[in-house]
Amino acid sequence: MKTIIKVLIILLPALFALGPQARAAESATSLLARCAAKVNKSASIDAKFYLTIGQDRYDCHMTIAKQKFTMSTPQMHVWYDGKTQWTYAIESAELSITEPTADELLESNPFAILNHYAKAYTCRLLAAEDGMKRVELAAKSKSASVRKAVVTINPKTDLPVKVVMTLSNGRVIAATVTGITTGSAKPASTFIYNKSKFPAKEIIDLR
């Protein structure tokens, strides 16, 4: 269980000479830019999705407000206020507190890759599937925890419908969206751990 929790908690590419490859890369970045803009311009986004890790599946609900987010699964709750991340394991009532790096955030929030592709990843268009557009992102650094990601985007809404990430250890995490809506602004407390609602038996502060 701790391994699964760790996995749950642990993307402008360089310009090319004019040609078909350059045009494909430009289209890929434009598509990602529109998707990222849609996410970042919304006061909040509520997404229901399921994570697939190997043979295991986890139903999730996430609320995103620009850089902040909160996520709930049957096994855990996560809050991130833009600096500090609290991870609460429901079964053990164990609370972990960290200040994750941008790279680490990609593992706890699959949709954060939309804000990091410009610096850390090169991208290219893949063949569309079922009317949905797809972009592959490949890490520039060999030390990146997320080595590759495939983002599927609904061209009608410019919102992501699936993110498949391949980690440096070879493990594949897929986040498949079952429902996504934009909403109003959320109070700051939404993204901060509330000890009265989730009392912890053990606190591991790694800040």
# chains A, B, ... in the order shown; residues from 1 in each chain; ligands from 1
$ residues_around --residues "Phe49 (chain A)" --least-positions-apart "2" --cutoff "6 Å" --atoms "only C-alpha atoms" --output "list of chain:residue names"
A:Cys60, A:Thr176, A:Val177, A:Thr178
$ write_last_selection --atoms "C-alpha atoms" --output "mmCIF file, in the first residue's frame"
data_model
loop_
_atom_site.group_PDB
_atom_site.id
_atom_site.type_symbol
_atom_site.label_atom_id
_atom_site.label_comp_id
_atom_site.auth_asym_id
_atom_site.auth_seq_id
_atom_site.Cartn_x
_atom_site.Cartn_y
_atom_site.Cartn_z
ATOM 1 C CA CYS A 60 -10.369 9.671 -7.989
ATOM 2 C CA THR A 176 -8.730 8.465 -17.607
ATOM 3 C CA VAL A 177 -11.269 11.268 -17.173
ATOM 4 C CA THR A 178 -14.901 10.267 -16.741
#
$ atom_distance --atom1 "CA of Leu95 (chain A)" --atom2 "CA of Ile204 (chain A)"
6.1 Å
$ residues_around --residues "Asp205 (chain A)" --least-positions-apart "6" --cutoff "8 Å" --atoms "only C-alpha atoms" --output "list in words"
Ser96, Ile97 and Thr98 of chain A
$ write_last_selection --atoms "all heavy atoms" --output "tab-separated table (two decimals), in the first residue's frame"
chain	number	residue	atom	x	y	z
A	96	SER	N	1.59	12.59	5.75
A	96	SER	CA	2.92	12.97	5.28
A	96	SER	C	2.86	14.42	4.78
A	96	SER	O	1.91	14.80	4.09
A	96	SER	CB	3.39	12.06	4.14
A	96	SER	OG	3.53	10.73	4.59
A	97	ILE	N	3.85	15.20	5.16
A	97	ILE	CA	3.91	16.62	4.77
A	97	ILE	C	5.20	16.84	3.99
A	97	ILE	O	6.29	16.51	4.46
A	97	ILE	CB	3.88	17.55	5.99
A	97	ILE	CG1	2.69	17.20	6.90
A	97	ILE	CG2	3.78	19.00	5.55
A	97	ILE	CD1	2.68	17.98	8.21
A	98	THR	N	5.08	17.38	2.78
A	98	THR	CA	6.25	17.63	1.94
A	98	THR	C	6.11	18.98	1.25
A	98	THR	O	5.03	19.58	1.23
A	98	THR	CB	6.41	16.54	0.86
A	98	THR	OG1	5.24	16.54	0.01
A	98	THR	CG2	6.57	15.16	1.48
$ residues_around --residues "Ser145 (chain A)" --least-positions-apart "5" --cutoff "8 Å" --atoms "only C-alpha atoms" --output "list in words"
Asp103, Glu104, Leu167 and Ser168 of chain A
$ write_last_selection --atoms "C-alpha atoms" --output "tab-separated table (two decimals), in the first residue's frame"
chain	number	residue	atom	x	y	z
A	103	ASP	CA	9.05	17.05	-11.03
A	104	GLU	CA	7.49	15.36	-8.00
A	167	LEU	CA	7.89	6.74	-14.98
A	168	SER	CA	11.66	6.34	-14.81
$ residues_around --residues "region 30-45 of chain A" --least-positions-apart "5" --cutoff "8 Å" --atoms "only C-alpha atoms" --output "number ranges by chain"
A: 63-66, 114-115, 135, 153, 158-160, 180-186
$ write_last_selection --atoms "all heavy atoms" --output "compact mmCIF listing (two decimals), in the first residue's frame"
# COMPACT_ATOMS: atom_id res chain seq x y z
N THR A 63 -10.02 18.52 -7.54
CA THR A 63 -10.38 19.92 -7.78
C THR A 63 -9.09 20.69 -7.98
O THR A 63 -8.16 20.62 -7.15
CB THR A 63 -11.16 20.52 -6.60
OG1 THR A 63 -12.38 19.79 -6.43
CG2 THR A 63 -11.48 21.99 -6.85
N ILE A 64 -8.98 21.39 -9.11
CA ILE A 64 -7.77 22.13 -9.48
C ILE A 64 -8.10 23.61 -9.56
O ILE A 64 -9.12 24.00 -10.14
CB ILE A 64 -7.21 21.65 -10.83
CG1 ILE A 64 -6.97 20.13 -10.81
CG2 ILE A 64 -5.94 22.40 -11.20
CD1 ILE A 64 -6.67 19.55 -12.17
N ALA A 65 -7.24 24.44 -8.98
CA ALA A 65 -7.36 25.89 -9.09
C ALA A 65 -5.98 26.42 -9.40
O ALA A 65 -5.18 26.67 -8.49
CB ALA A 65 -7.92 26.50 -7.81
N LYS A 66 -5.68 26.51 -10.70
CA LYS A 66 -4.34 26.91 -11.16
C LYS A 66 -3.27 25.98 -10.58
O LYS A 66 -3.26 24.81 -10.89
CB LYS A 66 -4.11 28.39 -10.87
CG LYS A 66 -5.10 29.29 -11.62
CD LYS A 66 -4.90 30.73 -11.33
CE LYS A 66 -5.76 31.59 -12.23
NZ LYS A 66 -7.21 31.31 -12.15
N LEU A 114 0.69 19.68 -17.93
CA LEU A 114 0.30 20.74 -18.86
C LEU A 114 1.04 22.05 -18.57
O LEU A 114 1.17 22.90 -19.45
CB LEU A 114 -1.21 20.97 -18.79
CG LEU A 114 -2.08 19.79 -19.24
CD1 LEU A 114 -3.54 20.07 -18.92
CD2 LEU A 114 -1.88 19.52 -20.73
N ASN A 115 1.50 22.22 -17.33
CA ASN A 115 2.21 23.44 -16.97
C ASN A 115 3.72 23.28 -17.04
O ASN A 115 4.45 24.25 -16.84
CB ASN A 115 1.81 23.87 -15.55
CG ASN A 115 0.39 24.38 -15.49
OD1 ASN A 115 -0.06 25.07 -16.40
ND2 ASN A 115 -0.33 24.02 -14.44
N VAL A 135 -1.01 14.02 -27.99
CA VAL A 135 0.35 14.57 -28.04
C VAL A 135 1.25 13.71 -27.16
O VAL A 135 0.89 13.37 -26.03
CB VAL A 135 0.40 16.03 -27.53
CG1 VAL A 135 1.82 16.57 -27.58
CG2 VAL A 135 -0.52 16.91 -28.37
N ILE A 153 -6.58 14.97 -25.77
CA ILE A 153 -7.33 16.21 -25.57
C ILE A 153 -8.59 16.21 -26.44
O ILE A 153 -8.55 15.85 -27.62
CB ILE A 153 -6.46 17.43 -25.92
CG1 ILE A 153 -5.24 17.48 -24.99
CG2 ILE A 153 -7.26 18.73 -25.81
CD1 ILE A 153 -4.20 18.50 -25.41
N ASP A 158 -11.03 21.58 -25.50
CA ASP A 158 -9.62 21.85 -25.20
C ASP A 158 -9.23 21.39 -23.80
O ASP A 158 -8.26 21.87 -23.21
CB ASP A 158 -9.28 23.36 -25.35
CG ASP A 158 -9.20 23.79 -26.80
OD1 ASP A 158 -8.93 22.93 -27.66
OD2 ASP A 158 -9.40 24.98 -27.07
N LEU A 159 -9.97 20.43 -23.26
CA LEU A 159 -9.65 19.87 -21.95
C LEU A 159 -9.11 18.45 -22.09
O LEU A 159 -9.49 17.73 -23.02
CB LEU A 159 -10.90 19.86 -21.07
CG LEU A 159 -11.39 21.23 -20.57
CD1 LEU A 159 -12.75 21.09 -19.90
CD2 LEU A 159 -10.38 21.85 -19.60
N PRO A 160 -8.24 18.05 -21.18
CA PRO A 160 -7.68 16.70 -21.27
C PRO A 160 -8.70 15.63 -20.91
O PRO A 160 -9.53 15.82 -20.01
CB PRO A 160 -6.54 16.73 -20.23
CG PRO A 160 -6.98 17.76 -19.24
CD PRO A 160 -7.70 18.81 -20.03
N ILE A 180 -15.53 16.09 -16.40
CA ILE A 180 -14.72 17.27 -16.10
C ILE A 180 -15.54 18.52 -16.37
O ILE A 180 -16.21 18.64 -17.41
CB ILE A 180 -13.41 17.26 -16.92
CG1 ILE A 180 -12.49 18.40 -16.49
CG2 ILE A 180 -13.67 17.30 -18.42
CD1 ILE A 180 -11.07 18.27 -17.02
N THR A 181 -15.55 19.44 -15.42
CA THR A 181 -16.32 20.67 -15.54
C THR A 181 -15.52 21.84 -14.97
O THR A 181 -14.68 21.65 -14.08
CB THR A 181 -17.67 20.59 -14.80
OG1 THR A 181 -17.42 20.30 -13.40
CG2 THR A 181 -18.55 19.51 -15.39
N THR A 182 -15.77 23.03 -15.49
CA THR A 182 -15.17 24.24 -14.93
C THR A 182 -16.14 24.81 -13.90
O THR A 182 -17.35 24.62 -14.00
CB THR A 182 -14.88 25.28 -16.01
OG1 THR A 182 -16.11 25.59 -16.70
CG2 THR A 182 -13.88 24.75 -17.03
N GLY A 183 -15.58 25.48 -12.88
CA GLY A 183 -16.43 25.99 -11.82
C GLY A 183 -15.97 27.32 -11.29
O GLY A 183 -15.09 27.98 -11.86
N SER A 184 -16.53 27.72 -10.17
CA SER A 184 -16.22 29.01 -9.55
C SER A 184 -14.99 28.89 -8.66
O SER A 184 -14.47 27.80 -8.41
CB SER A 184 -17.42 29.48 -8.73
OG SER A 184 -17.75 28.52 -7.74
N ALA A 185 -14.53 30.02 -8.16
CA ALA A 185 -13.36 30.05 -7.29
C ALA A 185 -13.64 29.30 -5.99
O ALA A 185 -14.76 29.30 -5.49
CB ALA A 185 -12.96 31.48 -7.00
N LYS A 186 -12.62 28.67 -5.45
CA LYS A 186 -12.74 27.92 -4.21
C LYS A 186 -11.99 28.66 -3.09
O LYS A 186 -10.98 29.31 -3.34
CB LYS A 186 -12.14 26.52 -4.36
CG LYS A 186 -12.72 25.72 -5.51
CD LYS A 186 -14.18 25.39 -5.30
CE LYS A 186 -14.72 24.53 -6.44
NZ LYS A 186 -16.16 24.26 -6.31
$ residues_around --residues "Val150 (chain A)" --least-positions-apart "4" --cutoff "12 Å" --atoms "only C-alpha atoms" --output "tab-separated table (two decimals) with all heavy atoms, in the first residue's frame"
chain	number	residue	atom	x	y	z
A	11	LEU	N	5.42	20.27	-19.14
A	11	LEU	CA	5.92	19.65	-19.95
A	11	LEU	C	6.38	20.51	-20.89
A	11	LEU	O	6.38	20.53	-21.21
A	11	LEU	CB	5.05	18.61	-20.09
A	11	LEU	CG	4.77	17.40	-19.46
A	11	LEU	CD1	3.60	16.79	-19.36
A	11	LEU	CD2	5.38	16.71	-19.43
A	28	ALA	N	1.64	20.59	-32.17
A	28	ALA	CA	1.56	19.90	-30.89
A	28	ALA	C	1.64	20.89	-29.74
A	28	ALA	O	0.86	20.83	-28.78
A	28	ALA	CB	2.67	18.85	-30.77
A	32	LEU	N	-1.25	21.89	-26.88
A	32	LEU	CA	-1.00	21.84	-25.44
A	32	LEU	C	-1.17	23.20	-24.81
A	32	LEU	O	-1.68	23.31	-23.69
A	32	LEU	CB	0.42	21.32	-25.17
A	32	LEU	CG	0.64	19.82	-25.38
A	32	LEU	CD1	2.12	19.49	-25.27
A	32	LEU	CD2	-0.16	19.01	-24.37
A	110	PRO	N	-1.54	14.25	-12.24
A	110	PRO	CA	-1.27	13.92	-13.64
A	110	PRO	C	-1.47	15.09	-14.59
A	110	PRO	O	-0.83	15.16	-15.65
A	110	PRO	CB	-2.30	12.81	-13.94
A	110	PRO	CG	-2.65	12.24	-12.61
A	110	PRO	CD	-2.58	13.40	-11.65
A	111	PHE	N	-2.34	16.04	-14.23
A	111	PHE	CA	-2.63	17.16	-15.12
A	111	PHE	C	-1.62	18.30	-14.99
A	111	PHE	O	-1.63	19.25	-15.78
A	111	PHE	CB	-4.05	17.66	-14.86
A	111	PHE	CG	-5.07	16.55	-14.92
A	111	PHE	CD1	-5.66	16.06	-13.77
A	111	PHE	CD2	-5.41	15.97	-16.13
A	111	PHE	CE1	-6.57	15.01	-13.81
A	111	PHE	CE2	-6.32	14.93	-16.19
A	111	PHE	CZ	-6.90	14.44	-15.03
A	113	ILE	N	1.33	18.18	-15.76
A	113	ILE	CA	2.25	18.11	-16.89
A	113	ILE	C	1.92	19.19	-17.93
A	113	ILE	O	2.78	19.61	-18.69
A	113	ILE	CB	2.20	16.69	-17.53
A	113	ILE	CG1	3.52	16.41	-18.27
A	113	ILE	CG2	0.99	16.51	-18.43
A	113	ILE	CD1	3.74	14.95	-18.56
A	114	LEU	N	0.69	19.68	-17.93
A	114	LEU	CA	0.30	20.74	-18.86
A	114	LEU	C	1.04	22.05	-18.57
A	114	LEU	O	1.17	22.90	-19.45
A	114	LEU	CB	-1.21	20.97	-18.79
A	114	LEU	CG	-2.08	19.79	-19.24
A	114	LEU	CD1	-3.54	20.07	-18.92
A	114	LEU	CD2	-1.88	19.52	-20.73
A	117	TYR	N	5.36	21.14	-19.63
A	117	TYR	CA	5.87	20.62	-20.89
A	117	TYR	C	6.85	21.57	-21.57
A	117	TYR	O	7.80	21.15	-22.22
A	117	TYR	CB	4.71	20.31	-21.84
A	117	TYR	CG	4.08	21.53	-22.50
A	117	TYR	CD1	4.56	22.01	-23.71
A	117	TYR	CD2	3.03	22.21	-21.89
A	117	TYR	CE1	3.99	23.13	-24.30
A	117	TYR	CE2	2.47	23.31	-22.47
A	117	TYR	CZ	2.95	23.77	-23.68
A	117	TYR	OH	2.39	24.89	-24.24
A	121	TYR	N	10.00	19.08	-21.58
A	121	TYR	CA	9.63	18.03	-22.53
A	121	TYR	C	9.61	18.54	-23.97
A	121	TYR	O	9.33	19.71	-24.22
A	121	TYR	CB	8.24	17.47	-22.19
A	121	TYR	CG	8.20	16.73	-20.87
A	121	TYR	CD1	8.11	17.43	-19.67
A	121	TYR	CD2	8.29	15.35	-20.82
A	121	TYR	CE1	8.10	16.76	-18.46
A	121	TYR	CE2	8.28	14.67	-19.61
A	121	TYR	CZ	8.18	15.38	-18.44
A	121	TYR	OH	8.18	14.72	-17.23
A	122	THR	N	9.92	17.64	-24.90
A	122	THR	CA	9.68	17.90	-26.32
A	122	THR	C	8.41	17.14	-26.69
A	122	THR	O	8.07	16.13	-26.06
A	122	THR	CB	10.85	17.42	-27.19
A	122	THR	OG1	11.08	16.03	-26.95
A	122	THR	CG2	12.11	18.20	-26.88
A	123	CYS	N	7.71	17.64	-27.68
A	123	CYS	CA	6.42	17.03	-27.98
A	123	CYS	C	6.19	16.86	-29.47
A	123	CYS	O	6.78	17.55	-30.30
A	123	CYS	CB	5.29	17.83	-27.35
A	123	CYS	SG	5.20	19.55	-27.91
A	124	ARG	N	5.33	15.92	-29.79
A	124	ARG	CA	4.95	15.66	-31.18
A	124	ARG	C	3.53	15.14	-31.21
A	124	ARG	O	3.04	14.52	-30.25
A	124	ARG	CB	5.89	14.66	-31.83
A	124	ARG	CG	5.80	13.25	-31.27
A	124	ARG	CD	6.86	12.35	-31.88
A	124	ARG	NE	6.77	10.98	-31.37
A	124	ARG	CZ	6.13	10.00	-31.99
A	124	ARG	NH1	5.49	10.24	-33.14
A	124	ARG	NH2	6.09	8.78	-31.48
A	125	LEU	N	2.86	15.40	-32.31
A	125	LEU	CA	1.50	14.91	-32.48
A	125	LEU	C	1.50	13.43	-32.79
A	125	LEU	O	2.35	12.93	-33.51
A	125	LEU	CB	0.81	15.66	-33.62
A	125	LEU	CG	0.30	17.08	-33.35
A	125	LEU	CD1	-0.26	17.67	-34.63
A	125	LEU	CD2	-0.74	17.09	-32.25
A	126	LEU	N	0.53	12.74	-32.23
A	126	LEU	CA	0.29	11.34	-32.56
A	126	LEU	C	-1.00	11.26	-33.36
A	126	LEU	O	-1.76	12.23	-33.44
A	126	LEU	CB	0.17	10.51	-31.28
A	126	LEU	CG	1.39	10.47	-30.37
A	126	LEU	CD1	1.08	9.62	-29.13
A	126	LEU	CD2	2.61	9.92	-31.08
A	127	ALA	N	-1.26	10.10	-33.94
A	127	ALA	CA	-2.50	9.92	-34.69
A	127	ALA	C	-3.70	10.08	-33.77
A	127	ALA	O	-3.68	9.61	-32.63
A	127	ALA	CB	-2.52	8.54	-35.34
A	128	ALA	N	-4.71	10.77	-34.26
A	128	ALA	CA	-5.93	10.97	-33.47
A	128	ALA	C	-6.66	9.65	-33.29
A	128	ALA	O	-6.54	8.73	-34.12
A	128	ALA	CB	-6.83	11.99	-34.15
A	133	LYS	N	-7.58	14.34	-30.02
A	133	LYS	CA	-6.20	14.62	-30.42
A	133	LYS	C	-5.23	14.14	-29.35
A	133	LYS	O	-5.54	14.18	-28.16
A	133	LYS	CB	-6.03	16.12	-30.68
A	133	LYS	CG	-6.93	16.61	-31.81
A	133	LYS	CD	-6.48	17.91	-32.40
A	133	LYS	CE	-7.31	18.25	-33.63
A	133	LYS	NZ	-6.82	19.46	-34.31
A	134	ARG	N	-4.04	13.71	-29.78
A	134	ARG	CA	-3.07	13.16	-28.85
A	134	ARG	C	-1.69	13.77	-29.08
A	134	ARG	O	-1.28	14.00	-30.22
A	134	ARG	CB	-2.97	11.64	-28.98
A	134	ARG	CG	-4.29	10.90	-28.73
A	134	ARG	CD	-4.04	9.40	-28.65
A	134	ARG	NE	-3.41	8.92	-29.86
A	134	ARG	CZ	-2.54	7.90	-29.89
A	134	ARG	NH1	-2.20	7.29	-28.78
A	134	ARG	NH2	-2.03	7.51	-31.04
A	135	VAL	N	-1.01	14.02	-27.99
A	135	VAL	CA	0.35	14.57	-28.04
A	135	VAL	C	1.25	13.71	-27.16
A	135	VAL	O	0.89	13.37	-26.03
A	135	VAL	CB	0.40	16.03	-27.53
A	135	VAL	CG1	1.82	16.57	-27.58
A	135	VAL	CG2	-0.52	16.91	-28.37
A	136	GLU	N	2.42	13.36	-27.69
A	136	GLU	CA	3.41	12.63	-26.91
A	136	GLU	C	4.46	13.60	-26.41
A	136	GLU	O	4.97	14.44	-27.16
A	136	GLU	CB	4.08	11.56	-27.75
A	136	GLU	CG	5.13	10.76	-26.98
A	136	GLU	CD	5.88	9.79	-27.86
A	136	GLU	OE1	6.81	10.24	-28.58
A	136	GLU	OE2	5.54	8.59	-27.84
A	137	LEU	N	4.79	13.50	-25.14
A	137	LEU	CA	5.82	14.35	-24.53
A	137	LEU	C	6.96	13.47	-24.06
A	137	LEU	O	6.73	12.51	-23.32
A	137	LEU	CB	5.23	15.15	-23.36
A	137	LEU	CG	4.05	16.04	-23.75
A	137	LEU	CD1	2.74	15.38	-23.35
A	137	LEU	CD2	4.17	17.40	-23.10
A	138	ALA	N	8.18	13.80	-24.47
A	138	ALA	CA	9.35	13.03	-24.08
A	138	ALA	C	10.27	13.92	-23.25
A	138	ALA	O	10.58	15.05	-23.63
A	138	ALA	CB	10.10	12.53	-25.32
A	139	ALA	N	10.69	13.40	-22.10
A	139	ALA	CA	11.53	14.18	-21.19
A	139	ALA	C	12.87	14.52	-21.83
A	139	ALA	O	13.51	13.67	-22.46
A	139	ALA	CB	11.74	13.41	-19.89
A	146	VAL	N	9.18	11.43	-14.67
A	146	VAL	CA	8.23	11.06	-15.72
A	146	VAL	C	8.99	11.14	-17.04
A	146	VAL	O	9.33	12.20	-17.53
A	146	VAL	CB	7.01	12.00	-15.75
A	146	VAL	CG1	6.07	11.63	-16.90
A	146	VAL	CG2	6.25	11.94	-14.43
A	160	PRO	N	-8.24	18.05	-21.18
A	160	PRO	CA	-7.68	16.70	-21.27
A	160	PRO	C	-8.70	15.63	-20.91
A	160	PRO	O	-9.53	15.82	-20.01
A	160	PRO	CB	-6.54	16.73	-20.23
A	160	PRO	CG	-6.98	17.76	-19.24
A	160	PRO	CD	-7.70	18.81	-20.03
A	161	VAL	N	-8.64	14.50	-21.60
A	161	VAL	CA	-9.52	13.37	-21.29
A	161	VAL	C	-8.73	12.16	-20.85
A	161	VAL	O	-9.29	11.22	-20.28
A	161	VAL	CB	-10.43	13.01	-22.49
A	161	VAL	CG1	-11.38	14.14	-22.81
A	161	VAL	CG2	-9.60	12.65	-23.72
A	162	LYS	N	-7.42	12.17	-21.09
A	162	LYS	CA	-6.58	11.06	-20.63
A	162	LYS	C	-5.12	11.49	-20.61
A	162	LYS	O	-4.66	12.22	-21.48
A	162	LYS	CB	-6.75	9.83	-21.54
A	162	LYS	CG	-6.08	8.57	-21.00
A	162	LYS	CD	-6.46	7.36	-21.85
A	162	LYS	CE	-5.89	6.07	-21.26
A	162	LYS	NZ	-6.29	4.87	-22.04
A	163	VAL	N	-4.41	11.04	-19.59
A	163	VAL	CA	-2.97	11.26	-19.48
A	163	VAL	C	-2.34	9.94	-19.10
A	163	VAL	O	-2.72	9.32	-18.10
A	163	VAL	CB	-2.62	12.32	-18.41
A	163	VAL	CG1	-1.10	12.49	-18.32
A	163	VAL	CG2	-3.28	13.66	-18.73
A	164	VAL	N	-1.40	9.47	-19.92
A	164	VAL	CA	-0.68	8.23	-19.64
A	164	VAL	C	0.79	8.58	-19.44
A	164	VAL	O	1.44	9.11	-20.34
A	164	VAL	CB	-0.83	7.20	-20.78
A	164	VAL	CG1	-0.07	5.91	-20.45
A	164	VAL	CG2	-2.30	6.89	-21.03
A	165	MET	N	1.31	8.30	-18.24
A	165	MET	CA	2.68	8.65	-17.91
A	165	MET	C	3.53	7.39	-17.71
A	165	MET	O	3.10	6.45	-17.05
A	165	MET	CB	2.74	9.50	-16.64
A	165	MET	CG	1.92	10.78	-16.71
A	165	MET	SD	2.19	11.85	-15.26
A	165	MET	CE	1.59	10.77	-13.93
A	166	THR	N	4.74	7.39	-18.28
A	166	THR	CA	5.70	6.33	-18.05
A	166	THR	C	6.79	6.86	-17.13
A	166	THR	O	7.48	7.83	-17.48
A	166	THR	CB	6.32	5.84	-19.36
A	166	THR	OG1	5.28	5.37	-20.24
A	166	THR	CG2	7.31	4.70	-19.11
A	172	VAL	N	3.81	2.40	-15.48
A	172	VAL	CA	2.91	3.23	-16.28
A	172	VAL	C	1.69	3.59	-15.44
A	172	VAL	O	1.05	2.72	-14.84
A	172	VAL	CB	2.47	2.51	-17.57
A	172	VAL	CG1	1.46	3.36	-18.34
A	172	VAL	CG2	3.69	2.21	-18.44
A	173	ILE	N	1.37	4.88	-15.40
A	173	ILE	CA	0.19	5.38	-14.70
A	173	ILE	C	-0.72	6.05	-15.72
A	173	ILE	O	-0.29	6.93	-16.46
A	173	ILE	CB	0.57	6.39	-13.61
A	173	ILE	CG1	1.47	5.75	-12.56
A	173	ILE	CG2	-0.68	6.96	-12.94
A	173	ILE	CD1	1.96	6.73	-11.50
A	174	ALA	N	-1.96	5.61	-15.78
A	174	ALA	CA	-2.93	6.20	-16.72
A	174	ALA	C	-4.06	6.84	-15.94
A	174	ALA	O	-4.65	6.21	-15.06
A	174	ALA	CB	-3.48	5.13	-17.66
A	175	ALA	N	-4.35	8.11	-16.26
A	175	ALA	CA	-5.48	8.82	-15.66
A	175	ALA	C	-6.52	9.04	-16.76
A	175	ALA	O	-6.28	9.76	-17.72
A	175	ALA	CB	-5.03	10.15	-15.09
A	176	THR	N	-7.66	8.39	-16.61
A	176	THR	CA	-8.73	8.47	-17.61
A	176	THR	C	-9.91	9.25	-17.04
A	176	THR	O	-10.50	8.85	-16.04
A	176	THR	CB	-9.20	7.06	-18.02
A	176	THR	OG1	-8.07	6.31	-18.49
A	176	THR	CG2	-10.25	7.13	-19.12
$ closest_residue --among "A:Glu129, A:Tyr58, A:Lys68, A:Gly170" --to "Asn154 (chain A)" --atoms "only C-alpha atoms"
A:Glu129
$ select_by_dssp --residues "region 87-174 of chain A" --states "strand (DSSP E or B)" --output "ChimeraX atom specification"
/A:87-89,94-98,121-129,132-139,146-154,159-167,172-174
$ atom_distance --atom1 "CA of Ile203 (chain A)" --atom2 "CA of Gln67 (chain A)"
24.5 Å
$ atom_distance --atom1 "CA of Ala200 (chain A)" --atom2 "CA of Asp81 (chain A)"
19.0 Å
$ residues_around --residues "Thr70 (chain A)" --least-positions-apart "5" --cutoff "7 Å" --atoms "only C-alpha atoms" --output "list in words"
Met62, Thr63, Ile64, Val78, Trp79, Tyr80 and Phe191 of chain A
$ write_last_selection --atoms "N, CA and C atoms" --output "mmCIF file, in the first residue's frame"
data_model
loop_
_atom_site.group_PDB
_atom_site.id
_atom_site.type_symbol
_atom_site.label_atom_id
_atom_site.label_comp_id
_atom_site.auth_asym_id
_atom_site.auth_seq_id
_atom_site.Cartn_x
_atom_site.Cartn_y
_atom_site.Cartn_z
ATOM 1 N N MET A 62 -10.723 15.141 -8.274
ATOM 2 C CA MET A 62 -9.733 16.202 -8.097
ATOM 3 C C MET A 62 -10.348 17.555 -8.382
ATOM 4 N N THR A 63 -10.024 18.524 -7.541
ATOM 5 C CA THR A 63 -10.376 19.916 -7.783
ATOM 6 C C THR A 63 -9.088 20.687 -7.984
ATOM 7 N N ILE A 64 -8.984 21.395 -9.115
ATOM 8 C CA ILE A 64 -7.770 22.130 -9.476
ATOM 9 C C ILE A 64 -8.096 23.612 -9.562
ATOM 10 N N VAL A 78 -5.295 14.093 -0.671
ATOM 11 C CA VAL A 78 -4.119 14.926 -0.916
ATOM 12 C C VAL A 78 -4.559 16.374 -1.044
ATOM 13 N N TRP A 79 -3.808 17.263 -0.402
ATOM 14 C CA TRP A 79 -4.038 18.704 -0.538
ATOM 15 C C TRP A 79 -2.720 19.365 -0.902
ATOM 16 N N TYR A 80 -2.773 20.345 -1.826
ATOM 17 C CA TYR A 80 -1.573 21.097 -2.209
ATOM 18 C C TYR A 80 -1.962 22.558 -2.362
ATOM 19 N N PHE A 191 -7.655 23.697 -0.147
ATOM 20 C CA PHE A 191 -6.394 23.085 -0.547
ATOM 21 C C PHE A 191 -5.408 22.935 0.614
#
$ select_by_dssp --residues "region 98-183 of chain A" --states "alpha helix (DSSP H)" --output "number ranges by chain"
A: 102-108, 117-120
